[in-house]
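> Okay, handing you the structure first.
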Amino acid sequence: MEEVPHDCPGADSAQAGRGASCHGCPNQRLCASGAGATPDPAIEEIKEKMKTVKHKILVLSGKGGVGKSTFSAHLAHGLAEDENTQIALLDIDICGPSIPKIMGLEGEQYLEDNLGVMSVGFLLSSPDDAVIWRGPKKNGMIKQFLRDVDWGDVDYLIVDTPPGTSDEHLSVVQYLAAAHIDGAVIITTPQEVSLQDVRKEINFCHKVKLPIIGVVENMSGFICPKCKKESQIFPPTTGGAELMCQDLEVPLLGRVPLDPLIGIQEFCNLHQSKEENLISS
Amino acid sequence: MKERTHPCTQREESWAVSGLSSATSDPGNLAGVRHIILVLSGKGGVGKSTVSTELALALRHAGKKVGILDVDLCGPSIPRMLGAQGRAVHQCDRGWAPVFLDREQSLSLMSVGFLLEKPDEAVVWRGPKKNALIKQFVSDVAWGELDYLVVDTPPGTSDEHMTTIEALRPHQPLGALVVTTPQAVSVGDVRRELTFCRKTGLRVMGVVENMSGFTCPHCAECTSVFSRGGGEELAQLAGVPFLGSVPLDPELMRSLEEGHDFIQEFPGSPAFAALTSIAQKILDATPACLP
């Protein structure tokens, strides 16, 4: 599909092809014929592909920079410690693909025998390459990741998402609609500025009927490496994730402290308990 | 007569164009805005909204009239940072009146946050609908006379950014402030943002490194919580000015959480020094206005 006009009512809306902004759009005839209203055949194709994937978990947050990719990477590593478990990590942050860098993987796609990673980051030839795409093109990429990647037999597919509640999130939920998503893990930091966005994300999950496995509060307290005293760099002025989870009746899976040496033993151990929660749910 | 509108309650039809005349042929509501600065980052959570807010406050303290346009439609953070949640947007004869944050009307704000019926309501829109609202924000907000319009953006290089730049292009923005944190994972995304600026012809005024170290309040040891040095290296690599490093400061965090004026309340804080220095560099880099 070519570039859509800025005021496009949406290919699946009642106004598709008939709205004032549709005049001159190369897809006007297609939309007016009702083609947009029929379900995308890719949804069934993805359902078939996903038959060999046992569990699918989305890692979300309304807010940027809370640690979604860090958490996704550590969760994938933690689950992959069991050599008999096949793990796949899919990074659908098209504009800001962090997973290759976090996993030290630039240029490679298999970290260990049982942990495979896919990201648009692998498709960029230079670290300065920017992916300057509008929504429809990003959606096409996500469809390709889900439909055209040979995932094989996977126990856990972890999907790392960008911040927000927009194209990428709608698309991944839509494309996996027939394939059944186990649920979403939502990451936040203790501050209200994060919780504000995370409440919207929880709202989004309810709207699209995506089960919520629980919330993880990241950057929860900082232990000074010199004096070992705790400080709250991101103070939970409105009660942090704990109060929000109580109010919204979603489970709080755990808290992860700020640690300059991300990746040390204690950090991984914290994730073990989260994995147990996920496996049992 | 002023009436409160809630565009977001109009679902399927393109509410964005109903009821208001689109001011495309008008010299525009931006005619009185002298300088436009975009605050960008490829990365989320680095402090774009914080830097936008603090820059606006610092410029205002320097005697300027400042507006803030928040085009982060999914995560509009600025109303809370300025204690303005729940304020109403009113229509006037030239479009939407921005929300004024002080009696002197020297600081104004427009954000989708003001248009939501409930604060937790998610704006779950695809690109085209976001683009329509952004174009309206650019053309239909009656800013009046402003020295600076600071435009806060969401993370990424997608619809919001392309549409904002296209809509602002006829008004010749001064340039972009690019925010990063020191770690490699941020710098990695911000390099892409710098490419975006180059490709779209947007001048980069400089790089700001946020969350640059934390001084323990118990023992005064400074720890590089998010690694160190990335911002300055990035600026050198890209050949753009390095405007400064803002340290992690819990007082700044609290001010933002509680909607207070940090610049006024904490002149002794290390973050204050960094932020006012950055604002001064912006003032110095601003060409003198023609009479």
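In the structure tokens, chains take letters A, B, ... by order of appearance, with residues numbered from 1 within each chain and ligands from 1 in the order shown.
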Starting from chain B, keep only residues with some atom at most 8 Å from an atom of chain A, counting only C-alpha atoms, and report them as a ChimeraX atom specification.
/B:12-14,42-46,74-75,77,80,119-129,131-132,155-159,184-185,188-189,191-196,216-219,221,223-227,248-250,253-254,257
> I need the helix (DSSP H, G or I) residues of range 83-242 of chain A per DSSP on the backbone, written as an MDAnalysis selection string.
chainID A and resid 99:102 120:123 135:148 167:175 177:179 192:207 240:242
> Excluding range 42-53 of chain A and its own-chain neighbours fewer than 5 positions away, which residues fall within 9 Å of it when counting only C-alpha atoms? Please give them as a list of chain:residue names.
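The residues satisfying every condition are A:Lys143, A:Leu146, A:Arg147, A:Asp148, A:Val149, A:Asp150, A:Trp151, A:Gly152, A:Asp153, A:Val154, A:Asp155, A:Tyr156, A:Leu157, A:Gln174, A:Tyr175, A:Leu176, A:Ala177, A:Ala178, A:Ala179, A:His180.
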> Residues at most 12 Å from Asp102 in chain B, counting only C-alpha atoms, excluding those fewer than 4 positions away in the same chain, as a ChimeraX atom specification?
/B:57,60,65-67,82-84,98,106-109,261
> Got time to write the residues from that selection, all heavy atoms, as a short mmCIF file (atom, residue, chain, number, x, y, z; two decimals), in the first residue's frame?

data_model
loop_
_atom_site.label_atom_id
_atom_site.label_comp_id
_atom_site.auth_asym_id
_atom_site.auth_seq_id
_atom_site.Cartn_x
_atom_site.Cartn_y
_atom_site.Cartn_z
N LEU B 57 10.71 27.13 31.55
CA LEU B 57 10.70 27.89 32.81
C LEU B 57 11.92 28.81 32.88
O LEU B 57 11.81 29.97 33.29
CB LEU B 57 10.69 26.93 34.01
CG LEU B 57 9.38 26.20 34.27
CD1 LEU B 57 9.57 25.12 35.32
CD2 LEU B 57 8.30 27.17 34.72
N ARG B 60 11.52 31.73 30.61
CA ARG B 60 10.53 32.66 31.18
C ARG B 60 11.17 33.49 32.29
O ARG B 60 10.94 34.70 32.40
CB ARG B 60 9.35 31.88 31.71
CG ARG B 60 8.32 32.75 32.42
CD ARG B 60 7.08 31.95 32.67
NE ARG B 60 6.38 32.43 33.85
CZ ARG B 60 6.44 31.85 35.05
NH1 ARG B 60 7.16 30.77 35.21
NH2 ARG B 60 5.77 32.35 36.06
N LYS B 65 8.51 35.43 26.77
CA LYS B 65 7.17 34.82 26.73
C LYS B 65 7.32 33.47 26.02
O LYS B 65 7.83 33.43 24.89
CB LYS B 65 6.20 35.68 25.92
CG LYS B 65 5.55 36.79 26.71
CD LYS B 65 4.36 37.39 25.96
CE LYS B 65 3.11 36.59 26.15
NZ LYS B 65 1.91 37.22 25.57
N VAL B 66 6.90 32.42 26.69
CA VAL B 66 7.18 31.07 26.17
C VAL B 66 5.90 30.24 26.06
O VAL B 66 5.06 30.28 26.95
CB VAL B 66 8.17 30.33 27.11
CG1 VAL B 66 8.63 29.02 26.49
CG2 VAL B 66 9.37 31.21 27.43
N GLY B 67 5.79 29.49 24.97
CA GLY B 67 4.72 28.52 24.83
C GLY B 67 5.33 27.14 24.74
O GLY B 67 6.46 26.98 24.29
N LEU B 82 3.57 20.83 35.12
CA LEU B 82 3.36 22.25 35.40
C LEU B 82 2.12 22.46 36.25
O LEU B 82 1.60 23.57 36.34
CB LEU B 82 3.26 23.02 34.07
CG LEU B 82 4.61 23.11 33.35
CD1 LEU B 82 4.42 23.63 31.93
CD2 LEU B 82 5.58 24.02 34.08
N GLY B 83 1.64 21.38 36.87
CA GLY B 83 0.49 21.48 37.77
C GLY B 83 -0.78 21.90 37.06
O GLY B 83 -1.63 22.58 37.64
N ALA B 84 -0.93 21.50 35.79
CA ALA B 84 -2.07 21.99 35.00
C ALA B 84 -3.05 20.90 34.61
O ALA B 84 -3.87 21.10 33.72
CB ALA B 84 -1.54 22.67 33.73
N PRO B 98 -4.50 28.46 24.08
CA PRO B 98 -3.65 27.58 24.89
C PRO B 98 -3.95 27.83 26.37
O PRO B 98 -4.53 28.85 26.74
CB PRO B 98 -2.23 28.03 24.54
CG PRO B 98 -2.38 29.45 24.12
CD PRO B 98 -3.74 29.58 23.49
N SER B 106 2.71 34.62 30.59
CA SER B 106 4.02 34.51 29.95
C SER B 106 4.41 33.06 29.71
O SER B 106 5.44 32.79 29.11
CB SER B 106 5.08 35.19 30.83
OG SER B 106 5.12 34.56 32.09
N LEU B 107 3.57 32.10 30.16
CA LEU B 107 3.85 30.69 29.93
C LEU B 107 2.55 30.00 29.56
O LEU B 107 1.58 30.03 30.32
CB LEU B 107 4.45 30.05 31.19
CG LEU B 107 4.93 28.61 31.07
CD1 LEU B 107 6.03 28.45 30.03
CD2 LEU B 107 5.45 28.10 32.43
N SER B 108 2.51 29.43 28.36
CA SER B 108 1.29 28.76 27.91
C SER B 108 1.61 27.36 27.41
O SER B 108 2.75 27.05 27.09
CB SER B 108 0.60 29.58 26.82
OG SER B 108 1.52 29.86 25.76
N LEU B 109 0.58 26.53 27.35
CA LEU B 109 0.78 25.10 27.05
C LEU B 109 -0.39 24.55 26.26
O LEU B 109 -1.55 24.88 26.54
CB LEU B 109 0.92 24.35 28.38
CG LEU B 109 0.91 22.82 28.38
CD1 LEU B 109 2.07 22.24 27.59
CD2 LEU B 109 0.95 22.29 29.82
N ASP B 261 7.54 24.91 40.29
CA ASP B 261 8.52 25.60 39.46
C ASP B 261 9.91 25.34 40.05
O ASP B 261 10.35 26.03 40.97
CB ASP B 261 8.20 27.10 39.42
CG ASP B 261 9.15 27.87 38.50
OD1 ASP B 261 10.25 27.38 38.20
OD2 ASP B 261 8.77 28.97 38.09
#
> Could you tell me how far CA of Ile158 in chain A lies from CA of Glu249 in chain A, in Å and to one decimal?
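Result for CA of Ile158 in chain A versus CA of Glu249 in chain A: 23.7 Å, one decimal.
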> As an MDAnalysis selection string, please: every residue in range 31-211 of chain A that a backbone DSSP assignment puts in strand (DSSP E).
chainID A and resid 53:60 87:91 110:112 115:119 154:160 183:188
> Record the distance separating CA of Glu232 in chain B and CA of Ser269 in chain B, expressed in Å with one decimal.
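Separation of CA of Glu232 in chain B and CA of Ser269 in chain B: 21.9 Å.
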> Find the spatial neighbours of range 48-52 of chain B, counting only C-alpha atoms, within a cut-off of 8 Å - ignore same-chain residues fewer than 2 positions away - and output them as a list of chain:residue names.
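The residues that qualify are B:Val39, B:Leu40, B:Ser41, B:Gly45, B:Val46, B:Glu54, B:Leu55, B:Ala56, B:Ile68, B:Ser77, B:Ile78, B:Met81, B:Val150, B:Val151, B:Asp152, B:Thr153, B:Val179, B:Leu256, B:Leu275.
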> Since we have the selection now, will you write its residues out, keeping all heavy atoms, as a short mmCIF file (atom, residue, chain, number, x, y, z; two decimals), in the first residue's frame?

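As a result, part_32.cif now contains:
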data_model
loop_
_atom_site.label_atom_id
_atom_site.label_comp_id
_atom_site.auth_asym_id
_atom_site.auth_seq_id
_atom_site.Cartn_x
_atom_site.Cartn_y
_atom_site.Cartn_z
N VAL B 39 12.29 19.67 20.83
CA VAL B 39 13.10 18.86 21.74
C VAL B 39 12.86 17.40 21.35
O VAL B 39 11.74 16.91 21.39
CB VAL B 39 12.71 19.11 23.21
CG1 VAL B 39 13.57 18.26 24.14
CG2 VAL B 39 12.88 20.59 23.55
N LEU B 40 13.94 16.77 20.90
CA LEU B 40 13.84 15.43 20.31
C LEU B 40 14.74 14.45 21.04
O LEU B 40 15.70 14.83 21.70
CB LEU B 40 14.31 15.45 18.85
CG LEU B 40 13.68 16.40 17.86
CD1 LEU B 40 14.43 16.35 16.54
CD2 LEU B 40 12.23 16.02 17.61
N SER B 41 14.44 13.17 20.85
CA SER B 41 15.39 12.12 21.20
C SER B 41 14.93 10.88 20.50
O SER B 41 13.73 10.68 20.34
CB SER B 41 15.41 11.86 22.70
OG SER B 41 16.37 10.83 22.98
N GLY B 45 12.21 8.14 27.62
CA GLY B 45 12.58 8.21 29.02
C GLY B 45 13.88 8.91 29.33
O GLY B 45 14.42 8.75 30.42
N VAL B 46 14.41 9.68 28.40
CA VAL B 46 15.69 10.36 28.67
C VAL B 46 15.48 11.73 29.31
O VAL B 46 16.43 12.33 29.81
CB VAL B 46 16.54 10.54 27.39
CG1 VAL B 46 16.94 9.19 26.82
CG2 VAL B 46 15.81 11.36 26.34
N GLU B 54 11.71 22.51 31.82
CA GLU B 54 12.70 23.32 32.54
C GLU B 54 13.29 24.40 31.65
O GLU B 54 13.56 25.51 32.11
CB GLU B 54 13.80 22.42 33.12
CG GLU B 54 13.29 21.37 34.12
CD GLU B 54 12.49 21.98 35.26
OE1 GLU B 54 12.79 23.13 35.65
OE2 GLU B 54 11.57 21.32 35.77
N LEU B 55 13.46 24.10 30.38
CA LEU B 55 13.97 25.11 29.44
C LEU B 55 12.95 26.25 29.34
O LEU B 55 13.31 27.43 29.40
CB LEU B 55 14.20 24.49 28.06
CG LEU B 55 14.65 25.45 26.96
CD1 LEU B 55 16.01 26.03 27.28
CD2 LEU B 55 14.70 24.74 25.60
N ALA B 56 11.67 25.88 29.22
CA ALA B 56 10.62 26.90 29.12
C ALA B 56 10.60 27.77 30.38
O ALA B 56 10.51 29.00 30.30
CB ALA B 56 9.26 26.24 28.90
N ILE B 68 4.58 26.13 25.20
CA ILE B 68 5.04 24.75 25.07
C ILE B 68 3.97 23.99 24.30
O ILE B 68 2.79 24.02 24.65
CB ILE B 68 5.23 24.06 26.44
CG1 ILE B 68 6.14 24.88 27.35
CG2 ILE B 68 5.81 22.66 26.25
CD1 ILE B 68 6.27 24.29 28.76
N SER B 77 3.06 14.23 29.07
CA SER B 77 3.54 14.37 30.45
C SER B 77 3.49 15.79 30.98
O SER B 77 3.55 16.00 32.19
CB SER B 77 5.01 13.94 30.53
OG SER B 77 5.22 12.71 29.92
N ILE B 78 3.45 16.77 30.07
CA ILE B 78 3.72 18.13 30.53
C ILE B 78 2.63 18.76 31.41
O ILE B 78 2.96 19.46 32.36
CB ILE B 78 4.12 19.02 29.34
CG1 ILE B 78 5.39 18.41 28.73
CG2 ILE B 78 4.38 20.45 29.79
CD1 ILE B 78 6.22 19.30 27.88
N MET B 81 3.54 18.13 34.92
CA MET B 81 4.80 18.75 35.33
C MET B 81 4.62 20.22 35.68
O MET B 81 5.42 20.80 36.41
CB MET B 81 5.84 18.63 34.22
CG MET B 81 6.33 17.21 34.05
SD MET B 81 7.55 17.13 32.74
CE MET B 81 8.01 15.41 32.86
N VAL B 150 8.43 26.02 22.55
CA VAL B 150 9.19 24.80 22.75
C VAL B 150 8.28 23.63 22.42
O VAL B 150 7.19 23.52 22.98
CB VAL B 150 9.67 24.70 24.23
CG1 VAL B 150 10.43 23.39 24.46
CG2 VAL B 150 10.55 25.89 24.58
N VAL B 151 8.70 22.78 21.49
CA VAL B 151 7.85 21.67 21.06
C VAL B 151 8.42 20.36 21.61
O VAL B 151 9.52 19.94 21.23
CB VAL B 151 7.78 21.60 19.51
CG1 VAL B 151 6.84 20.48 19.07
CG2 VAL B 151 7.33 22.93 18.94
N ASP B 152 7.68 19.74 22.52
CA ASP B 152 8.11 18.48 23.10
C ASP B 152 7.57 17.33 22.27
O ASP B 152 6.38 17.33 21.91
CB ASP B 152 7.58 18.37 24.55
CG ASP B 152 8.04 17.09 25.25
OD1 ASP B 152 9.17 16.63 24.96
OD2 ASP B 152 7.27 16.56 26.07
N THR B 153 8.39 16.35 21.98
CA THR B 153 7.98 15.27 21.08
C THR B 153 8.05 13.92 21.80
O THR B 153 8.73 13.81 22.82
CB THR B 153 8.92 15.21 19.86
OG1 THR B 153 10.26 14.94 20.30
CG2 THR B 153 8.91 16.52 19.08
N VAL B 179 18.12 15.27 23.21
CA VAL B 179 18.39 14.85 24.59
C VAL B 179 18.81 13.38 24.61
O VAL B 179 18.21 12.55 23.92
CB VAL B 179 17.13 15.04 25.47
CG1 VAL B 179 17.44 14.70 26.92
CG2 VAL B 179 16.61 16.46 25.36
N LEU B 256 8.83 18.07 39.52
CA LEU B 256 8.09 17.67 38.33
C LEU B 256 6.87 16.85 38.70
O LEU B 256 5.81 16.98 38.11
CB LEU B 256 8.99 16.87 37.40
CG LEU B 256 10.12 17.68 36.78
CD1 LEU B 256 11.18 16.76 36.19
CD2 LEU B 256 9.59 18.59 35.69
N LEU B 275 20.71 23.46 33.98
CA LEU B 275 19.57 23.85 33.14
C LEU B 275 19.63 25.32 32.76
O LEU B 275 19.31 25.69 31.62
CB LEU B 275 18.26 23.53 33.87
CG LEU B 275 17.97 22.03 33.99
CD1 LEU B 275 16.93 21.77 35.08
CD2 LEU B 275 17.49 21.46 32.67
#
> Please list as a PDB file with all heavy atoms, in the first residue's frame every residue within 10 Å of Pro251 in chain A, counting only C-alpha atoms and excluding residues in the same chain fewer than 4 positions away.

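And here's out-v1.pdb as it stands now:
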ATOM      1  N   VAL A 185       3.285  -8.162  30.268  1.00  0.00           N
ATOM      2  CA  VAL A 185       3.978  -7.701  31.474  1.00  0.00           C
ATOM      3  C   VAL A 185       4.223  -6.217  31.249  1.00  0.00           C
ATOM      4  O   VAL A 185       4.748  -5.825  30.207  1.00  0.00           O
ATOM      5  CB  VAL A 185       5.330  -8.430  31.663  1.00  0.00           C
ATOM      6  CG1 VAL A 185       6.074  -7.867  32.860  1.00  0.00           C
ATOM      7  CG2 VAL A 185       5.094  -9.918  31.846  1.00  0.00           C
ATOM      8  N   ILE A 212      -3.485  -9.180  31.473  1.00  0.00           N
ATOM      9  CA  ILE A 212      -2.294  -8.569  32.075  1.00  0.00           C
ATOM     10  C   ILE A 212      -1.717  -9.553  33.081  1.00  0.00           C
ATOM     11  O   ILE A 212      -2.371  -9.904  34.063  1.00  0.00           O
ATOM     12  CB  ILE A 212      -2.660  -7.254  32.784  1.00  0.00           C
ATOM     13  CG1 ILE A 212      -3.198  -6.256  31.758  1.00  0.00           C
ATOM     14  CG2 ILE A 212      -1.448  -6.668  33.504  1.00  0.00           C
ATOM     15  CD1 ILE A 212      -3.736  -4.977  32.368  1.00  0.00           C
ATOM     16  N   ILE A 213      -0.508 -10.001  32.826  1.00  0.00           N
ATOM     17  CA  ILE A 213       0.146 -10.931  33.753  1.00  0.00           C
ATOM     18  C   ILE A 213       0.518 -10.179  35.021  1.00  0.00           C
ATOM     19  O   ILE A 213       0.358 -10.670  36.133  1.00  0.00           O
ATOM     20  CB  ILE A 213       1.392 -11.566  33.104  1.00  0.00           C
ATOM     21  CG1 ILE A 213       0.975 -12.394  31.887  1.00  0.00           C
ATOM     22  CG2 ILE A 213       2.139 -12.437  34.108  1.00  0.00           C
ATOM     23  CD1 ILE A 213       2.149 -12.907  31.059  1.00  0.00           C
ATOM     24  N   GLY A 214       1.014  -8.962  34.853  1.00  0.00           N
ATOM     25  CA  GLY A 214       1.330  -8.159  36.020  1.00  0.00           C
ATOM     26  C   GLY A 214       2.232  -6.996  35.671  1.00  0.00           C
ATOM     27  O   GLY A 214       2.604  -6.793  34.512  1.00  0.00           O
ATOM     28  N   VAL A 215       2.582  -6.230  36.711  1.00  0.00           N
ATOM     29  CA  VAL A 215       3.404  -5.024  36.571  1.00  0.00           C
ATOM     30  C   VAL A 215       4.741  -5.245  37.271  1.00  0.00           C
ATOM     31  O   VAL A 215       4.791  -5.850  38.343  1.00  0.00           O
ATOM     32  CB  VAL A 215       2.668  -3.811  37.200  1.00  0.00           C
ATOM     33  CG1 VAL A 215       3.577  -2.597  37.296  1.00  0.00           C
ATOM     34  CG2 VAL A 215       1.419  -3.486  36.396  1.00  0.00           C
ATOM     35  N   VAL A 216       5.805  -4.736  36.656  1.00  0.00           N
ATOM     36  CA  VAL A 216       7.127  -4.777  37.300  1.00  0.00           C
ATOM     37  C   VAL A 216       7.561  -3.336  37.536  1.00  0.00           C
ATOM     38  O   VAL A 216       7.513  -2.514  36.619  1.00  0.00           O
ATOM     39  CB  VAL A 216       8.166  -5.475  36.374  1.00  0.00           C
ATOM     40  CG1 VAL A 216       9.576  -5.346  36.940  1.00  0.00           C
ATOM     41  CG2 VAL A 216       7.800  -6.938  36.182  1.00  0.00           C
ATOM     42  N   ALA A 241       4.216   1.800  42.113  1.00  0.00           N
ATOM     43  CA  ALA A 241       3.453   0.769  41.405  1.00  0.00           C
ATOM     44  C   ALA A 241       2.538   0.008  42.357  1.00  0.00           C
ATOM     45  O   ALA A 241       1.476  -0.486  41.957  1.00  0.00           O
ATOM     46  CB  ALA A 241       4.404  -0.193  40.716  1.00  0.00           C
ATOM     47  N   GLU A 242       2.949  -0.087  43.604  1.00  0.00           N
ATOM     48  CA  GLU A 242       2.165  -0.889  44.555  1.00  0.00           C
ATOM     49  C   GLU A 242       0.750  -0.347  44.691  1.00  0.00           C
ATOM     50  O   GLU A 242      -0.228  -1.089  44.579  1.00  0.00           O
ATOM     51  CB  GLU A 242       2.864  -0.878  45.913  1.00  0.00           C
ATOM     52  CG  GLU A 242       2.198  -1.822  46.895  1.00  0.00           C
ATOM     53  CD  GLU A 242       3.042  -2.049  48.139  1.00  0.00           C
ATOM     54  OE1 GLU A 242       4.101  -1.397  48.280  1.00  0.00           O
ATOM     55  OE2 GLU A 242       2.634  -2.869  48.953  1.00  0.00           O
ATOM     56  N   MET A 244      -0.796   1.753  42.666  1.00  0.00           N
ATOM     57  CA  MET A 244      -1.492   1.701  41.376  1.00  0.00           C
ATOM     58  C   MET A 244      -2.045   0.303  41.124  1.00  0.00           C
ATOM     59  O   MET A 244      -3.178   0.138  40.688  1.00  0.00           O
ATOM     60  CB  MET A 244      -0.543   2.074  40.233  1.00  0.00           C
ATOM     61  CG  MET A 244      -1.223   2.017  38.877  1.00  0.00           C
ATOM     62  SD  MET A 244      -0.083   2.100  37.497  1.00  0.00           S
ATOM     63  CE  MET A 244       0.727   0.536  37.599  1.00  0.00           C
ATOM     64  N   CYS A 245      -1.247  -0.713  41.436  1.00  0.00           N
ATOM     65  CA  CYS A 245      -1.696  -2.095  41.205  1.00  0.00           C
ATOM     66  C   CYS A 245      -2.881  -2.433  42.099  1.00  0.00           C
ATOM     67  O   CYS A 245      -3.808  -3.120  41.675  1.00  0.00           O
ATOM     68  CB  CYS A 245      -0.554  -3.072  41.463  1.00  0.00           C
ATOM     69  SG  CYS A 245       0.689  -3.015  40.157  1.00  0.00           S
ATOM     70  N   GLN A 246      -2.848  -1.938  43.325  1.00  0.00           N
ATOM     71  CA  GLN A 246      -3.988  -2.179  44.228  1.00  0.00           C
ATOM     72  C   GLN A 246      -5.238  -1.524  43.657  1.00  0.00           C
ATOM     73  O   GLN A 246      -6.294  -2.132  43.580  1.00  0.00           O
ATOM     74  CB  GLN A 246      -3.719  -1.548  45.598  1.00  0.00           C
ATOM     75  CG  GLN A 246      -2.992  -2.456  46.561  1.00  0.00           C
ATOM     76  CD  GLN A 246      -2.606  -1.717  47.837  1.00  0.00           C
ATOM     77  OE1 GLN A 246      -3.186  -0.669  48.154  1.00  0.00           O
ATOM     78  NE2 GLN A 246      -1.641  -2.236  48.545  1.00  0.00           N
TER      79      GLN A 246
END
